[in-house]
$ cat target-v9.csv   # CSV, C-alpha atoms
chain,number,residue,atom,x,y,z
E,1,MET,CA,123.4,90.0,136.5
E,2,GLN,CA,126.4,92.3,136.7
E,3,ASP,CA,128.5,89.4,138.0
E,4,ARG,CA,127.4,87.2,135.1
E,5,ALA,CA,128.2,90.0,132.6
E,6,ARG,CA,131.6,90.4,134.2
E,7,TYR,CA,132.4,86.7,134.0
E,8,PHE,CA,131.2,86.5,130.4
E,9,LYS,CA,133.5,89.4,129.6
E,10,ALA,CA,136.3,87.6,131.4
E,11,GLY,CA,135.7,84.6,129.2
E,12,ARG,CA,136.1,86.7,126.1
E,13,GLU,CA,138.9,88.9,127.1
E,14,GLY,CA,140.7,86.9,129.8
E,15,ALA,CA,140.3,87.5,133.5
E,16,HIS,CA,141.1,91.2,133.4
E,17,GLY,CA,139.0,93.2,135.9
E,18,VAL,CA,138.0,90.1,138.0
E,19,LYS,CA,139.3,90.5,141.5
E,20,ALA,CA,140.8,87.6,143.4
E,21,LEU,CA,141.5,87.5,147.1
E,22,VAL,CA,144.2,84.9,148.0
E,23,VAL,CA,144.6,83.9,151.6
E,24,ASP,CA,147.5,82.0,153.1
E,25,ASP,CA,149.7,82.4,156.2
E,26,LEU,CA,152.9,81.5,154.3
E,27,ALA,CA,154.5,84.3,152.4
E,28,TYR,CA,156.0,82.2,149.6
E,29,ASN,CA,152.6,80.6,149.0
E,30,LEU,CA,151.0,84.0,148.6
E,31,ARG,CA,153.7,85.1,146.2
E,32,THR,CA,153.3,82.0,144.1
E,33,LEU,CA,149.5,82.2,143.9
E,34,ARG,CA,149.6,85.9,143.2
E,35,ALA,CA,152.0,85.3,140.3
E,36,ILE,CA,149.8,82.5,138.9
E,37,PHE,CA,146.6,84.5,139.1
E,38,GLN,CA,148.2,87.7,137.8
E,39,SER,CA,149.6,85.7,134.8
E,40,ALA,CA,146.0,84.8,134.0
E,41,GLY,CA,144.9,88.5,134.1
E,42,TYR,CA,143.2,88.5,137.5
E,43,ASP,CA,143.6,91.5,139.8
E,44,VAL,CA,145.0,90.0,143.0
E,45,GLU,CA,144.8,91.0,146.6
E,46,THR,CA,146.4,88.9,149.4
E,47,ALA,CA,145.8,88.3,153.1
E,48,SER,CA,147.9,86.3,155.5
E,49,ASP,CA,145.1,85.1,157.8
E,50,GLY,CA,141.4,84.6,157.8
E,51,GLN,CA,140.5,87.7,159.8
E,52,ALA,CA,142.5,89.9,157.5
E,53,ALA,CA,140.8,88.3,154.5
E,54,LEU,CA,137.3,88.8,156.0
E,55,ASP,CA,138.2,92.5,156.6
E,56,ALA,CA,139.4,92.8,153.0
E,57,ALA,CA,136.3,91.1,151.6
E,58,ARG,CA,134.0,93.4,153.5
E,59,ALA,CA,135.9,96.5,152.3
E,60,ARG,CA,136.5,95.6,148.7
E,61,HIS,CA,134.1,92.7,147.7
E,62,PRO,CA,136.4,90.4,145.6
E,63,ASP,CA,134.9,88.3,142.9
E,64,PHE,CA,136.2,85.1,144.4
E,65,ILE,CA,138.4,84.0,147.3
E,66,VAL,CA,141.0,81.2,147.3
E,67,THR,CA,142.0,80.3,150.8
E,68,ASP,CA,144.2,77.9,152.7
E,69,ILE,CA,142.7,76.3,155.8
E,70,LEU,CA,145.4,76.0,158.5
E,71,MET,CA,145.9,79.7,159.5
E,72,PRO,CA,146.1,81.9,162.6
E,73,ARG,CA,143.1,83.9,163.9
E,74,LEU,CA,140.3,82.7,161.6
E,75,ASP,CA,141.2,79.5,159.7
E,76,GLY,CA,139.8,78.8,156.2
E,77,PHE,CA,136.7,76.9,157.4
E,78,GLN,CA,135.9,79.8,159.8
E,79,LEU,CA,136.5,82.3,157.1
E,80,CYS,CA,134.1,80.5,154.7
E,81,ARG,CA,131.4,80.3,157.3
E,82,ALA,CA,131.8,84.0,158.1
E,83,ILE,CA,131.5,84.8,154.3
E,84,LYS,CA,128.5,82.6,153.7
E,85,THR,CA,126.5,83.9,156.8
E,86,ASP,CA,127.0,87.5,155.8
E,87,PRO,CA,124.2,88.5,153.4
E,88,ALA,CA,126.5,91.2,151.8
E,89,LEU,CA,129.2,88.6,151.1
E,90,ALA,CA,127.4,85.3,150.7
E,91,GLY,CA,127.5,85.4,146.9
E,92,ILE,CA,131.3,85.4,146.7
E,93,PRO,CA,132.6,82.0,145.7
E,94,VAL,CA,135.1,80.6,148.3
E,95,ILE,CA,137.6,78.0,147.0
E,96,PHE,CA,139.6,75.9,149.4
E,97,TYR,CA,143.2,75.2,148.4
E,98,THR,CA,144.9,73.1,151.1
E,99,GLY,CA,147.8,70.7,151.7
E,100,SER,CA,146.9,69.9,155.3
E,101,TYR,CA,143.2,68.9,155.2
E,102,ILE,CA,143.2,66.2,152.6
E,103,GLU,CA,140.7,63.6,153.9
E,104,SER,CA,137.4,63.1,152.2
E,105,ALA,CA,135.7,64.1,155.5
E,106,ASP,CA,137.5,67.5,155.3
E,107,ARG,CA,136.3,68.0,151.7
E,108,GLU,CA,132.7,67.2,152.7
E,109,PHE,CA,132.9,69.6,155.6
E,110,GLY,CA,134.3,72.4,153.4
E,111,THR,CA,131.8,72.0,150.6
E,112,GLY,CA,129.1,71.7,153.3
E,113,LEU,CA,130.0,75.2,154.5
E,114,GLY,CA,129.4,76.5,151.0
E,115,GLY,CA,132.8,76.1,149.4
E,116,ALA,CA,132.6,76.3,145.6
E,117,ALA,CA,135.6,73.9,145.2
E,118,TYR,CA,138.0,72.0,147.3
E,119,LEU,CA,141.5,71.8,145.8
E,120,LEU,CA,144.6,70.0,147.1
E,121,LYS,CA,148.1,71.4,147.0
E,122,PRO,CA,150.2,71.2,145.0
E,123,MET,CA,148.6,71.8,141.5
E,124,GLU,CA,150.2,72.9,138.3
E,125,PRO,CA,149.3,76.5,137.5
E,126,LYS,CA,147.1,75.5,134.5
E,127,GLU,CA,145.3,72.9,136.5
E,128,LEU,CA,144.7,75.4,139.4
E,129,LEU,CA,143.3,78.0,137.0
E,130,SER,CA,141.1,75.5,135.3
E,131,ALA,CA,139.7,74.3,138.6
E,132,VAL,CA,139.1,77.9,139.8
E,133,ALA,CA,137.4,78.9,136.4
E,134,SER,CA,135.2,75.8,136.6
E,135,ALA,CA,134.1,76.7,140.2
E,136,LEU,CA,133.3,80.2,139.0
E,137,GLY,CA,131.5,79.0,135.9
E,138,GLN,CA,134.0,80.8,133.7
E,139,PRO,CA,136.0,79.7,130.6
E,140,GLU,CA,139.6,78.9,131.5
E,141,PRO,CA,141.8,82.0,131.2
E,142,ALA,CA,145.0,81.8,129.2
E,143,LEU,CA,148.3,82.1,130.9
E,144,LYS,CA,150.5,85.0,129.8
E,145,PRO,CA,154.0,84.2,128.6
E,146,ARG,CA,156.4,83.8,131.5
E,147,SER,CA,158.3,87.0,130.4
E,148,ASN,CA,155.2,89.1,131.1
E,149,LEU,CA,155.0,88.1,134.7
E,150,ARG,CA,155.9,90.7,137.3
E,151,GLU,CA,158.2,88.2,139.0
E,152,THR,CA,161.9,88.1,139.1
E,153,PHE,CA,164.1,85.0,139.0
E,154,ALA,CA,165.3,85.8,142.5
E,155,ALA,CA,161.7,85.8,143.8
E,156,ALA,CA,160.8,82.6,142.0
E,157,TYR,CA,163.9,80.9,143.2
E,158,ALA,CA,163.3,82.1,146.8
E,159,ASP,CA,159.8,80.6,146.6
E,160,ARG,CA,161.1,77.2,145.6
E,161,LEU,CA,163.7,77.3,148.4
E,162,GLY,CA,161.0,78.4,150.8
E,163,ALA,CA,158.8,75.5,149.8
E,164,LYS,CA,161.6,73.0,150.3
E,165,LEU,CA,162.6,74.5,153.6
E,166,GLN,CA,159.0,74.3,154.9
E,167,GLU,CA,158.9,70.6,153.8
E,168,LYS,CA,162.1,70.0,155.8
E,169,VAL,CA,160.8,71.8,158.8
E,170,THR,CA,157.7,69.7,158.8
E,171,GLU,CA,159.7,66.5,158.5
E,172,LEU,CA,162.0,67.7,161.4
E,173,ASN,CA,159.0,68.5,163.6
E,174,LYS,CA,157.6,65.0,163.0
E,175,ALA,CA,160.9,63.5,163.8
E,176,LEU,CA,161.2,65.5,167.0
E,177,GLU,CA,157.6,64.4,168.0
E,178,ARG,CA,158.6,60.8,167.4
E,179,LEU,CA,161.8,61.3,169.5
E,180,GLU,CA,159.8,63.0,172.3
E,181,ALA,CA,157.4,60.1,172.4
E,182,ALA,CA,160.3,57.6,172.5
E,183,TYR,CA,162.0,59.4,175.4
E,184,THR,CA,158.7,59.7,177.3
E,185,GLY,CA,158.1,55.9,176.8
E,186,THR,CA,161.6,55.1,177.9
E,187,VAL,CA,161.4,57.2,181.1
E,188,ALA,CA,158.0,55.7,182.0
E,189,ALA,CA,159.3,52.2,181.5
E,190,LEU,CA,162.4,52.7,183.6
E,191,THR,CA,160.5,54.4,186.5
E,192,LEU,CA,157.9,51.6,186.4
E,193,ALA,CA,160.7,49.0,186.6
E,194,LEU,CA,162.2,50.8,189.6
E,195,ALA,CA,158.9,51.1,191.4
E,196,GLU,CA,158.4,47.3,191.0
E,197,ARG,CA,161.9,46.7,192.4
E,198,GLU,CA,161.3,49.0,195.4
E,199,GLY,CA,157.7,47.7,196.0
E,200,THR,CA,156.4,51.3,195.7
E,201,LYS,CA,153.6,52.8,193.6
E,202,PRO,CA,154.5,53.5,189.9
E,203,THR,CA,154.0,57.2,190.5
E,204,ALA,CA,156.4,57.3,193.5
E,205,SER,CA,159.2,59.1,191.6
E,206,GLU,CA,156.8,61.7,190.4
E,207,GLY,CA,156.4,63.3,193.8
E,208,PRO,CA,159.9,64.8,194.2
E,209,ALA,CA,160.1,65.4,190.4
E,210,ARG,CA,157.0,67.5,190.3
E,211,LEU,CA,158.0,69.3,193.4
E,212,ALA,CA,161.4,70.1,191.9
E,213,LEU,CA,159.8,71.3,188.7
E,214,LEU,CA,157.5,73.6,190.6
E,215,PHE,CA,160.5,75.0,192.5
E,216,CYS,CA,162.4,75.3,189.2
E,217,GLU,CA,159.6,77.5,187.8
E,218,ARG,CA,160.2,79.9,190.6
E,219,VAL,CA,164.0,80.1,190.9
E,220,ALA,CA,165.3,78.8,187.5
E,221,PRO,CA,162.6,79.1,184.8
E,222,GLN,CA,165.2,78.5,182.1
E,223,LEU,CA,165.7,75.0,183.6
E,224,ALA,CA,161.9,74.4,183.9
E,225,ALA,CA,161.6,75.0,180.2
E,226,ASP,CA,164.0,72.2,179.4
E,227,PRO,CA,162.2,68.9,179.2
E,228,ASN,CA,165.4,67.0,180.0
E,229,VAL,CA,165.5,68.6,183.4
E,230,PHE,CA,162.2,67.0,184.4
E,231,ARG,CA,163.5,63.7,182.9
E,232,GLY,CA,166.5,64.0,185.1
E,233,PHE,CA,164.3,64.5,188.1
E,234,LEU,CA,162.2,61.4,187.2
E,235,LEU,CA,165.3,59.3,186.5
E,236,HIS,CA,167.3,60.4,189.6
E,237,ASP,CA,167.3,57.0,191.3
E,238,ILE,CA,167.4,54.8,188.2
E,239,GLY,CA,170.8,53.5,189.3
E,240,LYS,CA,169.0,51.6,192.1
E,241,LEU,CA,168.0,49.0,189.4
E,242,MET,CA,171.6,47.8,189.7
E,243,LEU,CA,171.6,47.3,193.4
E,244,PRO,CA,171.7,43.8,194.9
E,245,GLU,CA,168.3,42.1,195.3
E,246,GLY,CA,166.5,43.0,198.6
E,247,LEU,CA,168.6,46.0,199.4
E,248,LEU,CA,165.9,48.5,198.5
E,249,THR,CA,163.3,46.8,200.8
E,250,LYS,CA,165.7,46.2,203.7
E,251,THR,CA,164.4,47.2,207.1
E,252,GLU,CA,167.5,46.5,209.1
E,253,PRO,CA,170.2,49.2,209.5
E,254,LEU,CA,172.4,49.5,206.4
E,255,THR,CA,175.9,48.0,206.6
E,256,PRO,CA,179.0,49.9,205.3
E,257,GLU,CA,178.9,47.7,202.2
E,258,ASP,CA,175.2,48.5,201.7
E,259,ARG,CA,176.0,52.2,201.9
E,260,GLU,CA,178.8,51.9,199.4
E,261,HIS,CA,176.4,50.3,196.9
E,262,PHE,CA,174.1,53.3,197.3
E,263,ARG,CA,177.0,55.7,196.9
E,264,ARG,CA,178.0,54.1,193.6
E,265,GLN,CA,174.6,54.0,191.9
E,266,PRO,CA,174.4,57.7,190.8
E,267,ALA,CA,177.6,57.5,188.8
E,268,ILE,CA,176.7,54.1,187.3
E,269,ALA,CA,173.3,55.4,186.3
E,270,ALA,CA,174.8,58.6,184.7
E,271,ASP,CA,177.4,56.5,182.8
E,272,ILE,CA,174.6,54.4,181.3
E,273,LEU,CA,172.4,57.4,180.5
E,274,ARG,CA,175.3,59.2,178.9
E,275,ASN,CA,175.0,56.7,176.0
E,276,VAL,CA,171.4,57.8,175.3
E,277,PRO,CA,171.7,60.8,172.8
E,278,GLY,CA,169.9,64.0,173.6
E,279,LEU,CA,169.3,63.7,177.4
E,280,GLY,CA,171.3,66.8,178.0
E,281,ARG,CA,171.0,68.2,181.6
E,282,ALA,CA,169.2,65.0,182.8
E,283,VAL,CA,172.6,63.2,183.0
E,284,GLY,CA,174.1,65.8,185.3
E,285,ILE,CA,171.0,65.7,187.6
E,286,VAL,CA,171.2,62.0,187.9
E,287,ARG,CA,174.9,62.0,188.7
E,288,HIS,CA,175.2,64.9,191.1
E,289,HIS,CA,171.9,65.1,193.1
E,290,HIS,CA,173.8,63.5,196.1
E,291,GLU,CA,176.6,66.0,196.0
E,292,TYR,CA,176.8,68.2,199.2
E,293,PHE,CA,177.3,71.9,198.9
E,294,ASP,CA,180.4,71.7,201.2
E,295,GLY,CA,182.0,69.0,199.0
E,296,THR,CA,181.4,66.0,201.3
E,297,GLY,CA,178.8,64.4,199.0
E,298,HIS,CA,179.2,61.8,196.2
E,299,PRO,CA,180.2,60.6,193.7
E,300,ASP,CA,182.6,63.4,192.7
E,301,GLY,CA,182.8,65.6,195.9
E,302,LEU,CA,181.8,68.8,194.0
E,303,THR,CA,181.4,72.0,195.9
E,304,GLY,CA,179.1,75.0,195.6
E,305,ASP,CA,178.3,76.2,192.2
E,306,ALA,CA,180.3,73.4,190.6
E,307,ILE,CA,177.3,71.2,191.3
E,308,PRO,CA,174.8,71.7,188.5
E,309,LEU,CA,171.9,74.0,189.5
E,310,GLY,CA,169.3,71.3,188.6
E,311,ALA,CA,171.0,68.9,190.9
E,312,ARG,CA,171.2,71.4,193.8
E,313,ILE,CA,167.5,72.2,193.3
E,314,PHE,CA,166.5,68.5,193.2
E,315,ALA,CA,168.7,67.7,196.3
E,316,ILE,CA,166.5,70.0,198.4
E,317,CYS,CA,163.2,68.8,196.9
E,318,ASN,CA,164.1,65.1,197.1
E,319,ALA,CA,165.2,65.4,200.8
E,320,PHE,CA,162.0,67.2,201.7
E,321,GLU,CA,159.8,64.6,199.9
E,322,ALA,CA,161.8,61.7,201.4
E,323,MET,CA,161.5,63.1,205.0
E,324,THR,CA,157.7,63.7,204.7
E,325,SER,CA,157.0,60.3,203.2
E,326,GLU,CA,156.7,57.0,205.1
E,327,ARG,CA,159.8,54.7,205.0
E,328,PRO,CA,160.1,51.0,206.1
E,329,TYR,CA,162.8,52.0,208.6
E,330,ARG,CA,161.2,55.2,210.1
E,331,PRO,CA,158.0,57.2,210.4
E,332,ARG,CA,157.5,60.2,208.2
E,333,TYR,CA,158.4,63.7,209.4
E,334,SER,CA,155.9,66.6,209.6
E,335,ALA,CA,156.5,69.4,207.2
E,336,GLN,CA,157.9,71.6,210.0
E,337,GLN,CA,160.3,68.9,211.1
E,338,ALA,CA,161.5,68.5,207.5
E,339,ILE,CA,161.9,72.3,207.2
E,340,ALA,CA,164.0,72.3,210.4
E,341,GLU,CA,166.2,69.6,208.9
E,342,LEU,CA,166.7,71.6,205.7
E,343,ARG,CA,167.8,74.6,207.6
E,344,ARG,CA,170.2,72.5,209.6
E,345,GLY,CA,171.7,71.3,206.3
E,346,SER,CA,171.8,74.8,204.7
E,347,GLY,CA,175.4,75.6,203.7
E,348,THR,CA,176.6,72.1,204.3
E,349,GLN,CA,174.4,69.6,202.5
E,350,PHE,CA,172.2,72.2,200.6
E,351,ASP,CA,172.7,75.4,198.7
E,352,PRO,CA,171.9,78.1,201.2
E,353,SER,CA,170.7,80.5,198.5
E,354,LEU,CA,167.9,77.9,197.6
E,355,VAL,CA,166.8,76.7,201.0
E,356,GLU,CA,164.8,79.7,202.2
E,357,PRO,CA,163.0,80.2,198.8
E,358,PHE,CA,162.1,76.5,198.9
E,359,ILE,CA,160.8,76.8,202.5
E,360,ALA,CA,158.8,79.9,201.4
E,361,MET,CA,157.2,77.8,198.7
E,362,VAL,CA,156.3,74.7,200.8
E,363,GLN,CA,155.2,76.4,204.1
E,364,PRO,CA,151.8,77.4,202.8
E,365,MET,CA,151.2,73.9,201.4
E,366,PRO,CA,148.9,71.5,203.4
E,367,GLU,CA,150.4,68.6,205.1
E,368,PRO,CA,150.3,65.4,203.0
$ encode --input "target-v9.csv" --output "structure tokens"
Amino acid sequence: MQDRARYFKAGREGAHGVKALVVDDLAYNLRTLRAIFQSAGYDVETASDGQAALDAARARHPDFIVTDILMPRLDGFQLCRAIKTDPALAGIPVIFYTGSYIESADREFGTGLGGAAYLLKPMEPKELLSAVASALGQPEPALKPRSNLRETFAAAYADRLGAKLQEKVTELNKALERLEAAYTGTVAALTLALAEREGTKPTASEGPARLALLFCERVAPQLAADPNVFRGFLLHDIGKLMLPEGLLTKTEPLTPEDREHFRRQPAIAADILRNVPGLGRAVGIVRHHHEYFDGTGHPDGLTGDAIPLGARIFAICNAFEAMTSERPYRPRYSAQQAIAELRRGSGTQFDPSLVEPFIAMVQPMPEP
């Protein structure tokens, strides 16, 4: 009865004395909504997530809540459920105001939770106030003249810029997701083509790549966090697609000409991949994973730290994986035999600062 009297008074005198709780995790949305509701005479409190709003509702019992849905901690749906299942709060109208959950099924879910209204962003201030008043069973409050708002031009301008920036960030994130999917599909297609050419399983290139990523996480976490590093591991032998037919499955000893074909393929592959924008470190791994620490490798004869770290890491992992895998021209090595070979190559073929950490990682692993 007191609530009905308050709402009736609000209808006669504006919304003065009626307490609104506005919930949104974006500051510019909160400022905008606060200004709109204050211009209609509401007393406004704000919260930046659902849990903070629930705490505020329990402490101060607002007359209504307008909430976004996509928020940290408690989202808007969880907030509404918490309000409606608390006997002390269940009578507070909860109004959803969202730009993310716009499907009819979302609306049905929100109203099914007990939402008094389900509004979609953006709305003109007058339309928003009219919808809120209707959900509350109140007459529509009149907006005060703009000059009476406690809002400076700078704040209003910042709100508009913030809204536009958020739109651009959303568009950029979607574009990055599409680019990520395109890269993933391209890498998968190339590795599949190579597997068919070599007569191996489509997942054959994943073994050394995943081993190298695991080692990266231990010794170079900054590289492990770069998705292009893993792409470089996966694409390391993609130049083999340009090798003469039959060379990849040859069981006889390689001729000097065969070996020259193999020596050329990393540089050819890197030159091709360099034309793909955004591959970053992947190109260096593809080009230099056959460089030797002492400068006797190929294609560029780099020495020591001049060889990219990702390539030095992968050289060790790739050699270990190759030695412990079956090959047409030799049986596989045991893990201990492969470890002995790595130690023999430490300082000549392999970076000596990486060999022992790698051995420490693989020694406890079971034999394949």
$ atom_distance --input "target-v9.csv" --atom1 "atom CA of Gly278 of chain E" --atom2 "atom CA of Leu223 of chain E"
15.4 Å
$ residues_around --input "target-v9.csv" --residues "Ile65 of chain E" --least-positions-apart "2" --cutoff "8 Å" --atoms "all atoms listed in the file" --output "list in words"
Ala20, Leu21, Val22, Val23, Pro62, Asp63, Thr67, Ile92, Pro93, Val94 and Ile95 of chain E
$ residues_around --input "target-v9.csv" --residues "Ala117 of chain E" --least-positions-apart "2" --cutoff "8 Å" --atoms "all atoms listed in the file" --output "ChimeraX atom specification"
/E:94-96,111,115,119,131-132,135
$ write_last_selection --input "target-v9.csv" --atoms "C-alpha atoms" --output "PDB file, in the coordinates of the input"
ATOM      1  CA  VAL E  94     135.100  80.600 148.300  1.00  0.00           C
ATOM      2  CA  ILE E  95     137.600  78.000 147.000  1.00  0.00           C
ATOM      3  CA  PHE E  96     139.600  75.900 149.400  1.00  0.00           C
ATOM      4  CA  THR E 111     131.800  72.000 150.600  1.00  0.00           C
ATOM      5  CA  GLY E 115     132.800  76.100 149.400  1.00  0.00           C
ATOM      6  CA  LEU E 119     141.500  71.800 145.800  1.00  0.00           C
ATOM      7  CA  ALA E 131     139.700  74.300 138.600  1.00  0.00           C
ATOM      8  CA  VAL E 132     139.100  77.900 139.800  1.00  0.00           C
ATOM      9  CA  ALA E 135     134.100  76.700 140.200  1.00  0.00           C
TER      10      ALA E 135
END
$ residues_around --input "target-v9.csv" --residues "Phe350 of chain E" --least-positions-apart "4" --cutoff "12 Å" --atoms "all atoms listed in the file" --output "PyMOL selection string"
chain E and resi 289-297+303-305+307+309+311-320+341-346+354-356+358
$ atom_distance --input "target-v9.csv" --atom1 "atom CA of Arg107 of chain E" --atom2 "atom CA of Ser130 of chain E"
18.7 Å
